[in-house]
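Quick look at start-v7.pdb (PDB, C-alpha atoms):
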```pdb
MODEL        1
ATOM      1  CA  MET A 297     -24.578  19.468  62.458  1.00  0.00           C
ATOM      2  CA  ALA A 298     -21.457  21.262  63.659  1.00  0.00           C
ATOM      3  CA  THR A 299     -19.475  19.663  66.481  1.00  0.00           C
ATOM      4  CA  VAL A 300     -17.091  21.560  68.755  1.00  0.00           C
ATOM      5  CA  LEU A 301     -14.475  20.563  71.311  1.00  0.00           C
ATOM      6  CA  SER A 302     -14.374  22.437  74.609  1.00  0.00           C
ATOM      7  CA  THR A 303     -11.015  22.362  76.417  1.00  0.00           C
ATOM      8  CA  LYS A 304     -12.888  22.857  79.683  1.00  0.00           C
ATOM      9  CA  LYS A 305     -15.782  20.804  81.017  1.00  0.00           C
ATOM     10  CA  LEU A 306     -18.913  22.937  80.933  1.00  0.00           C
ATOM     11  CA  THR A 307     -21.757  23.282  83.396  1.00  0.00           C
ATOM     12  CA  ALA A 308     -25.160  21.807  82.540  1.00  0.00           C
ATOM     13  CA  THR A 309     -26.479  25.285  81.706  1.00  0.00           C
ATOM     14  CA  GLN A 310     -23.535  26.041  79.422  1.00  0.00           C
ATOM     15  CA  LYS A 311     -23.933  22.699  77.627  1.00  0.00           C
ATOM     16  CA  HIS A 312     -27.618  23.410  77.073  1.00  0.00           C
ATOM     17  CA  LEU A 313     -26.745  26.637  75.215  1.00  0.00           C
ATOM     18  CA  LEU A 314     -24.841  24.560  72.648  1.00  0.00           C
ATOM     19  CA  LEU A 315     -27.057  21.503  72.482  1.00  0.00           C
ATOM     20  CA  GLY A 316     -30.170  23.690  72.320  1.00  0.00           C
ATOM     21  CA  ALA A 317     -28.666  25.298  69.211  1.00  0.00           C
ATOM     22  CA  LYS A 318     -28.130  21.801  67.739  1.00  0.00           C
ATOM     23  CA  ILE A 319     -24.344  21.996  68.062  1.00  0.00           C
ATOM     24  CA  GLY A 320     -22.567  18.784  69.026  1.00  0.00           C
ATOM     25  CA  LEU A 321     -20.168  18.906  71.986  1.00  0.00           C
ATOM     26  CA  VAL A 322     -17.096  16.966  73.073  1.00  0.00           C
ATOM     27  CA  GLU A 323     -15.434  18.237  76.252  1.00  0.00           C
ATOM     28  CA  TYR A 324     -12.451  17.580  78.506  1.00  0.00           C
ATOM     29  CA  ASN A 325     -10.285  19.500  80.950  1.00  0.00           C
ATOM     30  CA  ALA A 326      -7.063  20.482  79.190  1.00  0.00           C
ATOM     31  CA  ILE A 327      -5.624  21.681  82.499  1.00  0.00           C
ATOM     32  CA  ASN A 328      -5.791  20.558  86.122  1.00  0.00           C
ATOM     33  CA  ILE A 329      -5.891  23.021  89.030  1.00  0.00           C
ATOM     34  CA  GLU A 330      -4.528  22.271  92.518  1.00  0.00           C
ATOM     35  CA  PHE A 331      -4.882  24.718  95.407  1.00  0.00           C
ATOM     36  CA  LEU A 332      -1.786  25.248  97.549  1.00  0.00           C
ATOM     37  CA  PRO A 333      -1.394  25.824 101.286  1.00  0.00           C
ATOM     38  CA  ILE A 334      -0.958  29.551 101.934  1.00  0.00           C
ATOM     39  CA  SER A 335       2.748  30.046 102.658  1.00  0.00           C
ATOM     40  CA  SER A 336       2.243  33.556 104.062  1.00  0.00           C
ATOM     41  CA  ASN A 337       0.922  34.531 107.502  1.00  0.00           C
ATOM     42  CA  ILE A 338      -1.325  37.176 105.909  1.00  0.00           C
ATOM     43  CA  ASP A 339      -4.953  36.930 107.012  1.00  0.00           C
ATOM     44  CA  LEU A 340      -6.147  40.245 105.540  1.00  0.00           C
ATOM     45  CA  ALA A 341      -5.412  41.685 102.093  1.00  0.00           C
ATOM     46  CA  GLU A 342      -6.209  45.409 101.957  1.00  0.00           C
ATOM     47  CA  ASN A 343      -5.827  45.464  98.152  1.00  0.00           C
ATOM     48  CA  ALA A 344      -5.922  42.080  96.435  1.00  0.00           C
ATOM     49  CA  ILE A 345      -5.215  41.499  92.760  1.00  0.00           C
ATOM     50  CA  ILE A 346      -7.316  38.556  91.543  1.00  0.00           C
ATOM     51  CA  THR A 347      -6.911  37.570  87.902  1.00  0.00           C
ATOM     52  CA  SER A 348      -8.935  34.331  87.939  1.00  0.00           C
ATOM     53  CA  LYS A 349     -11.701  32.523  89.794  1.00  0.00           C
ATOM     54  CA  ASN A 350      -9.147  29.878  90.774  1.00  0.00           C
ATOM     55  CA  ALA A 351      -7.055  32.441  92.660  1.00  0.00           C
ATOM     56  CA  PHE A 352     -10.065  33.540  94.682  1.00  0.00           C
ATOM     57  CA  LYS A 353     -11.271  29.995  95.363  1.00  0.00           C
ATOM     58  CA  ALA A 354      -7.781  29.087  96.618  1.00  0.00           C
ATOM     59  CA  ILE A 355      -7.883  31.772  99.327  1.00  0.00           C
ATOM     60  CA  GLN A 356     -11.622  32.105  99.885  1.00  0.00           C
ATOM     61  CA  GLU A 357     -11.739  30.452 103.308  1.00  0.00           C
ATOM     62  CA  LYS A 358      -8.290  31.621 104.415  1.00  0.00           C
ATOM     63  CA  ILE A 359      -7.741  35.310 103.666  1.00  0.00           C
ATOM     64  CA  ARG A 360     -10.125  38.243 104.008  1.00  0.00           C
ATOM     65  CA  ILE A 361     -10.087  40.795 101.197  1.00  0.00           C
ATOM     66  CA  LYS A 362     -10.941  44.451 101.788  1.00  0.00           C
ATOM     67  CA  LYS A 363     -10.759  45.642  98.171  1.00  0.00           C
ATOM     68  CA  ALA A 364     -10.282  43.560  95.033  1.00  0.00           C
ATOM     69  CA  PHE A 365      -8.761  44.470  91.678  1.00  0.00           C
ATOM     70  CA  VAL A 366     -10.063  41.890  89.267  1.00  0.00           C
ATOM     71  CA  VAL A 367      -9.750  40.469  85.749  1.00  0.00           C
ATOM     72  CA  GLY A 368     -13.067  39.358  84.255  1.00  0.00           C
ATOM     73  CA  SER A 369     -16.684  40.269  84.972  1.00  0.00           C
ATOM     74  CA  LYS A 370     -17.513  36.709  86.110  1.00  0.00           C
ATOM     75  CA  THR A 371     -14.715  36.743  88.685  1.00  0.00           C
ATOM     76  CA  ALA A 372     -15.820  40.201  89.823  1.00  0.00           C
ATOM     77  CA  ALA A 373     -19.398  38.934  90.238  1.00  0.00           C
ATOM     78  CA  LEU A 374     -18.148  35.984  92.307  1.00  0.00           C
ATOM     79  CA  LEU A 375     -16.288  38.322  94.685  1.00  0.00           C
ATOM     80  CA  GLN A 376     -19.250  40.670  94.980  1.00  0.00           C
ATOM     81  CA  LYS A 377     -21.467  37.698  95.761  1.00  0.00           C
ATOM     82  CA  ASN A 378     -19.112  37.070  98.682  1.00  0.00           C
ATOM     83  CA  ASP A 379     -19.508  40.683  99.883  1.00  0.00           C
ATOM     84  CA  ILE A 380     -16.096  41.831  98.685  1.00  0.00           C
ATOM     85  CA  GLU A 381     -15.735  45.339  97.281  1.00  0.00           C
ATOM     86  CA  VAL A 382     -14.435  45.314  93.701  1.00  0.00           C
ATOM     87  CA  ALA A 383     -12.448  48.527  93.201  1.00  0.00           C
ATOM     88  CA  GLU A 384     -11.457  47.890  89.577  1.00  0.00           C
ATOM     89  CA  VAL A 385     -12.349  45.314  86.940  1.00  0.00           C
ATOM     90  CA  ALA A 386     -10.748  44.870  83.513  1.00  0.00           C
ATOM     91  CA  ASP A 387     -10.965  42.402  80.641  1.00  0.00           C
ATOM     92  CA  ASN A 388      -7.314  41.328  80.910  1.00  0.00           C
ATOM     93  CA  ALA A 389      -4.290  41.619  83.205  1.00  0.00           C
ATOM     94  CA  LEU A 390      -2.561  44.339  81.184  1.00  0.00           C
ATOM     95  CA  ALA A 391      -5.671  46.538  81.234  1.00  0.00           C
ATOM     96  CA  LEU A 392      -5.994  45.983  84.988  1.00  0.00           C
ATOM     97  CA  ALA A 393      -2.358  46.973  85.526  1.00  0.00           C
ATOM     98  CA  LYS A 394      -2.960  50.222  83.646  1.00  0.00           C
ATOM     99  CA  LYS A 395      -5.978  51.046  85.832  1.00  0.00           C
ATOM    100  CA  ILE A 396      -3.915  50.420  88.974  1.00  0.00           C
ATOM    101  CA  ILE A 397      -1.060  52.586  87.688  1.00  0.00           C
ATOM    102  CA  VAL A 398      -3.347  55.507  86.813  1.00  0.00           C
ATOM    103  CA  ASN A 399      -5.767  55.382  89.745  1.00  0.00           C
ATOM    104  CA  HIS A 400      -4.109  53.575  92.675  1.00  0.00           C
ATOM    105  CA  ARG A 401      -0.355  54.021  92.450  1.00  0.00           C
ATOM    106  CA  ASP A 402       0.001  54.938  96.155  1.00  0.00           C
ATOM    107  CA  LYS A 403      -1.449  51.622  97.406  1.00  0.00           C
ATOM    108  CA  HIS A 404       0.268  48.338  98.316  1.00  0.00           C
ATOM    109  CA  PHE A 405      -1.117  45.227  96.595  1.00  0.00           C
ATOM    110  CA  ILE A 406      -1.056  41.479  97.079  1.00  0.00           C
ATOM    111  CA  PHE A 407      -1.192  39.556  93.817  1.00  0.00           C
ATOM    112  CA  PHE A 408      -2.665  36.078  94.354  1.00  0.00           C
ATOM    113  CA  CYS A 409      -1.703  33.946  91.375  1.00  0.00           C
ATOM    114  CA  GLY A 410      -0.897  30.534  89.937  1.00  0.00           C
ATOM    115  CA  ASN A 411       2.396  29.021  88.854  1.00  0.00           C
ATOM    116  CA  LYS A 412       1.709  29.799  85.196  1.00  0.00           C
ATOM    117  CA  ARG A 413       0.766  33.432  85.669  1.00  0.00           C
ATOM    118  CA  ARG A 414       1.810  35.716  82.818  1.00  0.00           C
ATOM    119  CA  GLU A 415       4.371  38.487  83.088  1.00  0.00           C
ATOM    120  CA  GLU A 416       2.397  41.505  81.846  1.00  0.00           C
ATOM    121  CA  LEU A 417       0.829  42.634  85.117  1.00  0.00           C
ATOM    122  CA  PRO A 418       3.768  42.253  87.535  1.00  0.00           C
ATOM    123  CA  LEU A 419       6.137  43.705  84.925  1.00  0.00           C
ATOM    124  CA  GLN A 420       3.965  46.810  84.505  1.00  0.00           C
ATOM    125  CA  LEU A 421       3.682  47.272  88.275  1.00  0.00           C
ATOM    126  CA  GLN A 422       7.459  46.934  88.703  1.00  0.00           C
ATOM    127  CA  GLN A 423       8.205  49.380  85.903  1.00  0.00           C
ATOM    128  CA  HIS A 424       5.897  51.991  87.447  1.00  0.00           C
ATOM    129  CA  LYS A 425       7.193  51.356  90.983  1.00  0.00           C
ATOM    130  CA  ILE A 426       3.861  50.133  92.350  1.00  0.00           C
ATOM    131  CA  SER A 427       4.315  48.372  95.695  1.00  0.00           C
ATOM    132  CA  PHE A 428       3.153  44.753  95.560  1.00  0.00           C
ATOM    133  CA  GLU A 429       3.947  41.243  96.674  1.00  0.00           C
ATOM    134  CA  GLU A 430       3.107  38.028  94.889  1.00  0.00           C
ATOM    135  CA  ILE A 431       1.731  34.903  96.557  1.00  0.00           C
ATOM    136  CA  GLN A 432       1.305  31.684  94.588  1.00  0.00           C
ATOM    137  CA  VAL A 433      -1.914  30.000  95.718  1.00  0.00           C
ATOM    138  CA  TYR A 434      -2.569  27.357  93.053  1.00  0.00           C
ATOM    139  CA  THR A 435      -0.781  25.326  90.407  1.00  0.00           C
ATOM    140  CA  THR A 436      -1.845  24.584  86.853  1.00  0.00           C
ATOM    141  CA  SER A 437      -0.728  21.330  85.242  1.00  0.00           C
ATOM    142  CA  LEU A 438      -1.375  20.252  81.663  1.00  0.00           C
ATOM    143  CA  ASN A 439      -3.642  17.310  80.888  1.00  0.00           C
ATOM    144  CA  PHE A 440      -2.601  15.951  77.483  1.00  0.00           C
ATOM    145  CA  ALA A 441      -5.160  14.193  75.277  1.00  0.00           C
ATOM    146  CA  LYS A 442      -4.946  13.124  71.643  1.00  0.00           C
ATOM    147  CA  PHE A 443      -8.102  13.468  69.503  1.00  0.00           C
ATOM    148  CA  LYS A 444      -8.659  11.513  66.286  1.00  0.00           C
ATOM    149  CA  GLN A 445     -12.095  13.009  65.681  1.00  0.00           C
ATOM    150  CA  GLU A 446     -12.343  16.122  63.508  1.00  0.00           C
ATOM    151  CA  PHE A 447     -14.130  19.154  64.920  1.00  0.00           C
ATOM    152  CA  ASP A 448     -15.651  22.229  63.344  1.00  0.00           C
ATOM    153  CA  GLY A 449     -14.530  24.420  66.218  1.00  0.00           C
ATOM    154  CA  ILE A 450     -12.349  24.348  69.341  1.00  0.00           C
ATOM    155  CA  LEU A 451     -13.039  26.405  72.469  1.00  0.00           C
ATOM    156  CA  PHE A 452     -10.089  27.755  74.489  1.00  0.00           C
ATOM    157  CA  PHE A 453     -10.210  29.516  77.847  1.00  0.00           C
ATOM    158  CA  SER A 454      -6.551  30.093  78.771  1.00  0.00           C
ATOM    159  CA  PRO A 455      -3.043  30.085  77.275  1.00  0.00           C
ATOM    160  CA  SER A 456      -2.322  26.949  79.357  1.00  0.00           C
ATOM    161  CA  GLY A 457      -5.264  25.189  77.711  1.00  0.00           C
ATOM    162  CA  VAL A 458      -3.869  26.147  74.304  1.00  0.00           C
ATOM    163  CA  GLU A 459      -0.441  24.784  75.231  1.00  0.00           C
ATOM    164  CA  SER A 460      -1.958  21.559  76.537  1.00  0.00           C
ATOM    165  CA  TYR A 461      -4.113  20.881  73.455  1.00  0.00           C
ATOM    166  CA  PHE A 462      -1.399  21.559  70.889  1.00  0.00           C
ATOM    167  CA  ARG A 463       1.122  19.346  72.669  1.00  0.00           C
ATOM    168  CA  LYS A 464      -0.710  16.333  71.183  1.00  0.00           C
ATOM    169  CA  ASN A 465      -2.861  17.786  68.395  1.00  0.00           C
ATOM    170  CA  GLN A 466      -2.601  19.876  65.269  1.00  0.00           C
ATOM    171  CA  ILE A 467      -5.108  22.124  63.553  1.00  0.00           C
ATOM    172  CA  ALA A 468      -6.496  21.947  60.025  1.00  0.00           C
ATOM    173  CA  ASN A 469      -9.639  23.885  59.155  1.00  0.00           C
ATOM    174  CA  GLU A 470     -11.172  24.223  62.606  1.00  0.00           C
ATOM    175  CA  THR A 471     -12.331  27.636  63.783  1.00  0.00           C
ATOM    176  CA  VAL A 472     -10.887  28.483  67.192  1.00  0.00           C
ATOM    177  CA  PHE A 473     -12.964  30.375  69.779  1.00  0.00           C
ATOM    178  CA  CYS A 474     -11.047  32.236  72.505  1.00  0.00           C
ATOM    179  CA  ILE A 475     -12.190  33.751  75.796  1.00  0.00           C
ATOM    180  CA  GLY A 476      -9.925  36.794  75.377  1.00  0.00           C
ATOM    181  CA  THR A 477      -7.018  38.401  73.557  1.00  0.00           C
ATOM    182  CA  THR A 478      -4.337  36.783  75.735  1.00  0.00           C
ATOM    183  CA  THR A 479      -5.629  33.318  74.874  1.00  0.00           C
ATOM    184  CA  ALA A 480      -6.015  34.347  71.213  1.00  0.00           C
ATOM    185  CA  ASN A 481      -2.376  35.485  71.103  1.00  0.00           C
ATOM    186  CA  SER A 482      -1.332  31.990  72.212  1.00  0.00           C
ATOM    187  CA  VAL A 483      -3.556  30.421  69.537  1.00  0.00           C
ATOM    188  CA  HIS A 484      -2.036  32.584  66.796  1.00  0.00           C
ATOM    189  CA  LYS A 485       1.149  30.492  66.928  1.00  0.00           C
ATOM    190  CA  TYR A 486      -0.924  27.727  65.332  1.00  0.00           C
ATOM    191  CA  THR A 487      -3.709  29.435  63.355  1.00  0.00           C
ATOM    192  CA  GLU A 488      -5.074  32.867  62.514  1.00  0.00           C
ATOM    193  CA  LYS A 489      -8.586  31.466  62.171  1.00  0.00           C
ATOM    194  CA  SER A 490      -9.905  32.600  65.551  1.00  0.00           C
ATOM    195  CA  ILE A 491     -12.937  34.360  66.994  1.00  0.00           C
ATOM    196  CA  ILE A 492     -12.571  36.245  70.292  1.00  0.00           C
ATOM    197  CA  ALA A 493     -15.420  36.581  72.773  1.00  0.00           C
ATOM    198  CA  THR A 494     -16.726  40.139  73.147  1.00  0.00           C
ATOM    199  CA  GLN A 495     -16.703  39.623  76.932  1.00  0.00           C
ATOM    200  CA  PRO A 496     -14.253  37.380  78.831  1.00  0.00           C
ATOM    201  CA  SER A 497     -16.719  34.697  79.917  1.00  0.00           C
ATOM    202  CA  ILE A 498     -17.417  31.094  79.002  1.00  0.00           C
ATOM    203  CA  GLU A 499     -20.991  32.015  78.134  1.00  0.00           C
ATOM    204  CA  ASN A 500     -19.849  34.624  75.634  1.00  0.00           C
ATOM    205  CA  VAL A 501     -17.494  32.138  73.995  1.00  0.00           C
ATOM    206  CA  ILE A 502     -20.540  29.900  73.553  1.00  0.00           C
ATOM    207  CA  VAL A 503     -22.526  32.829  72.126  1.00  0.00           C
ATOM    208  CA  GLN A 504     -19.848  33.238  69.434  1.00  0.00           C
ATOM    209  CA  VAL A 505     -20.018  29.511  68.643  1.00  0.00           C
ATOM    210  CA  VAL A 506     -23.816  29.646  68.273  1.00  0.00           C
ATOM    211  CA  LYS A 507     -23.561  32.737  66.043  1.00  0.00           C
ATOM    212  CA  LYS A 508     -21.054  30.942  63.821  1.00  0.00           C
ATOM    213  CA  TYR A 509     -22.859  27.616  63.413  1.00  0.00           C
ATOM    214  CA  ASN A 510     -26.527  28.436  63.932  1.00  0.00           C
ATOM    215  CA  LYS A 511     -27.087  31.411  61.644  1.00  0.00           C
ATOM    216  CA  ASN A 512     -30.755  30.629  61.203  1.00  0.00           C
TER     217      ASN A 512
ENDMDL
END
```
Structure translated into structure tokens:
Amino acid sequence: MATVLSTKKLTATQKHLLLGAKIGLVEYNAINIEFLPISSNIDLAENAIITSKNAFKAIQEKIRIKKAFVVGSKTAALLQKNDIEVAEVADNALALAKKIIVNHRDKHFIFFCGNKRREELPLQLQQHKISFEEIQVYTTSLNFAKFKQEFDGILFFSPSGVESYFRKNQIANETVFCIGTTTANSVHKYTEKSIIATQPSIENVIVQVVKKYNKN
């Protein structure tokens, strides 16, 4: 039986997808998230850029959003569930930036982000003279753990999770499963043996794992 390591603790439903396919699971949180007090006096964001569920959860009870520009279908679904209009959704931050540049260049945006946010989106907006401000609403810290057990596969959900895992561990013959291309690019410093989810969701990462190890 194949056994995989998830660098994020999964929900009961997500675990069942693996265990139901007779795939063993070890899990831990490679990163810790802490929400910050909102340092701005903004109570309404006309056009909010949300690149993760954590960014939305950090402001959910504090700032109203009129229109959201979102990375990831799961994050978009969460906002829509909270009656927020999603104007654009993309699989990654760079793709979202391109949609904003082409379709919404006359608008002003607020980018709600974490302390480890990547440069692609703000850099693209700056280069194309899109008006925006950035507000840090959560912090990501790394949770180091050393594993002696060997795994058939490792599941990664963010570049920070990749950084955290490889601070204490190396890779041999494990197959790495990544939630998206940005995470995969971080993994490629350590191995080329990776499989990228066809949609940026935890469930689709699990689908790829099941396809790999449960071919019957």
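Of the listed residues (A:Ser456, A:Gln310, A:Asn388, A:Asn325), A:Ser456 comes nearest to Ser482 (chain A); the distances count only C-alpha atoms.
Within 12 Å of the point (2.7, 37.2, 84.5), counting only C-alpha atoms, the protein and nucleic acid residues come to Thr347, Asn388, Ala389, Leu390, Ala393, Phe407, Phe408, Cys409, Gly410, Asn411, Lys412, Arg413, Arg414, Glu415, Glu416, Leu417, Pro418, Leu419, Gln420, Leu421, Gln422, Glu430, Gln432, Pro455 and Thr478 of chain A.
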Report task. Spell out the residues picked by the PyMOL selection byres ((chain A and resi 317) around 12) here, as a ChimeraX atom specification. Result -> /A:297-299,310-316,318-321,502-512
Requested in this report: For region 445-450 of chain A, please output as JSON, numbers by chain all residues within 8 Å (counting all atoms listed in the file; exclusion window: fewer than 4 positions along the same chain).
Outcome: {"A": [298, 299, 300, 301, 302, 303, 469, 470, 471, 472, 473, 505]}
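Coordinates place CA of Ile397 (chain A) at a distance of 20.1 Å from CA of Ile361 (chain A).
Restricting the calculation to all atoms listed in the file, the smallest distance between Asn337 (chain A) and any of A:Ile498, A:Ile431, A:Leu374, A:Val483 is found for A:Ile431.
Between CA of Ser348 (chain A) and CA of Ile467 (chain A) there is a distance of 27.5 Å.
Here CA of Asp402 (chain A) and CA of Gln376 (chain A) stand 24.0 Å from one another.
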Requested in this report: Report the residues retrieved by the PyMOL selection byres ((chain A and resi 349) around 12) from the displayed file, expressed as a ChimeraX atom specification.
Outcome: /A:329,331,345-348,350-356,366-375,408-410,433-434,497
Store the residues picked out above, limited to C-alpha atoms, as a PDB file, in the frame of the given file.
```
ATOM      1  CA  ILE A 329      -5.891  23.021  89.030  1.00  0.00           C
ATOM      2  CA  PHE A 331      -4.882  24.718  95.407  1.00  0.00           C
ATOM      3  CA  ILE A 345      -5.215  41.499  92.760  1.00  0.00           C
ATOM      4  CA  ILE A 346      -7.316  38.556  91.543  1.00  0.00           C
ATOM      5  CA  THR A 347      -6.911  37.570  87.902  1.00  0.00           C
ATOM      6  CA  SER A 348      -8.935  34.331  87.939  1.00  0.00           C
ATOM      7  CA  ASN A 350      -9.147  29.878  90.774  1.00  0.00           C
ATOM      8  CA  ALA A 351      -7.055  32.441  92.660  1.00  0.00           C
ATOM      9  CA  PHE A 352     -10.065  33.540  94.682  1.00  0.00           C
ATOM     10  CA  LYS A 353     -11.271  29.995  95.363  1.00  0.00           C
ATOM     11  CA  ALA A 354      -7.781  29.087  96.618  1.00  0.00           C
ATOM     12  CA  ILE A 355      -7.883  31.772  99.327  1.00  0.00           C
ATOM     13  CA  GLN A 356     -11.622  32.105  99.885  1.00  0.00           C
ATOM     14  CA  VAL A 366     -10.063  41.890  89.267  1.00  0.00           C
ATOM     15  CA  VAL A 367      -9.750  40.469  85.749  1.00  0.00           C
ATOM     16  CA  GLY A 368     -13.067  39.358  84.255  1.00  0.00           C
ATOM     17  CA  SER A 369     -16.684  40.269  84.972  1.00  0.00           C
ATOM     18  CA  LYS A 370     -17.513  36.709  86.110  1.00  0.00           C
ATOM     19  CA  THR A 371     -14.715  36.743  88.685  1.00  0.00           C
ATOM     20  CA  ALA A 372     -15.820  40.201  89.823  1.00  0.00           C
ATOM     21  CA  ALA A 373     -19.398  38.934  90.238  1.00  0.00           C
ATOM     22  CA  LEU A 374     -18.148  35.984  92.307  1.00  0.00           C
ATOM     23  CA  LEU A 375     -16.288  38.322  94.685  1.00  0.00           C
ATOM     24  CA  PHE A 408      -2.665  36.078  94.354  1.00  0.00           C
ATOM     25  CA  CYS A 409      -1.703  33.946  91.375  1.00  0.00           C
ATOM     26  CA  GLY A 410      -0.897  30.534  89.937  1.00  0.00           C
ATOM     27  CA  VAL A 433      -1.914  30.000  95.718  1.00  0.00           C
ATOM     28  CA  TYR A 434      -2.569  27.357  93.053  1.00  0.00           C
ATOM     29  CA  SER A 497     -16.719  34.697  79.917  1.00  0.00           C
TER      30      SER A 497
END
```
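Checking A:Ile327, A:Val458, A:Leu332, A:Leu392 one by one against Thr436 (chain A), counting all atoms listed in the file, you find the shortest gap at A:Ile327.
Nearest-residue note for Lys442 (chain A): choosing from A:Gly476, A:Val385, A:Thr309, A:Phe462, the minimum distance belongs to A:Phe462, counting only C-alpha atoms.
Candidate residues A:Val501, A:Ala386, A:Ala364, A:Ala391 were compared for distance to Phe453 (chain A), and the nearest is A:Val501, using only C-alpha atoms.
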Report task. Fewer than 2 positions away in the same chain doesn't count, so skip those; otherwise give me all residues within 10 Å of Arg401 (chain A), counting only C-alpha atoms, as a PyMOL selection string. Result -> chain A and resi 394-399+403-405+421+424-427
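Remark: for Glu459 (chain A), the closest of the candidate residues A:Cys474, A:Leu438, A:Val322, A:Ile359 is A:Leu438 (distances computed over all atoms listed in the file).
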The centre and edge lengths of an axis-aligned box containing all atoms of region 379-389 of chain A present in the file, extended by 8 Å on each side, are to be given in Å to one decimal, as lines of an AutoDock Vina configuration file.
```
center_x = -11.9
center_y = 44.6
center_z = 90.3
size_x = 31.2
size_y = 23.8
size_z = 35.2
```
Report task. Name the residues that the PyMOL selection byres ((chain A and resi 439) around 9) pulls out of this structure, and write them as a PyMOL selection string. Result -> chain A and resi 325-328+437-438+440-441+457+460-461
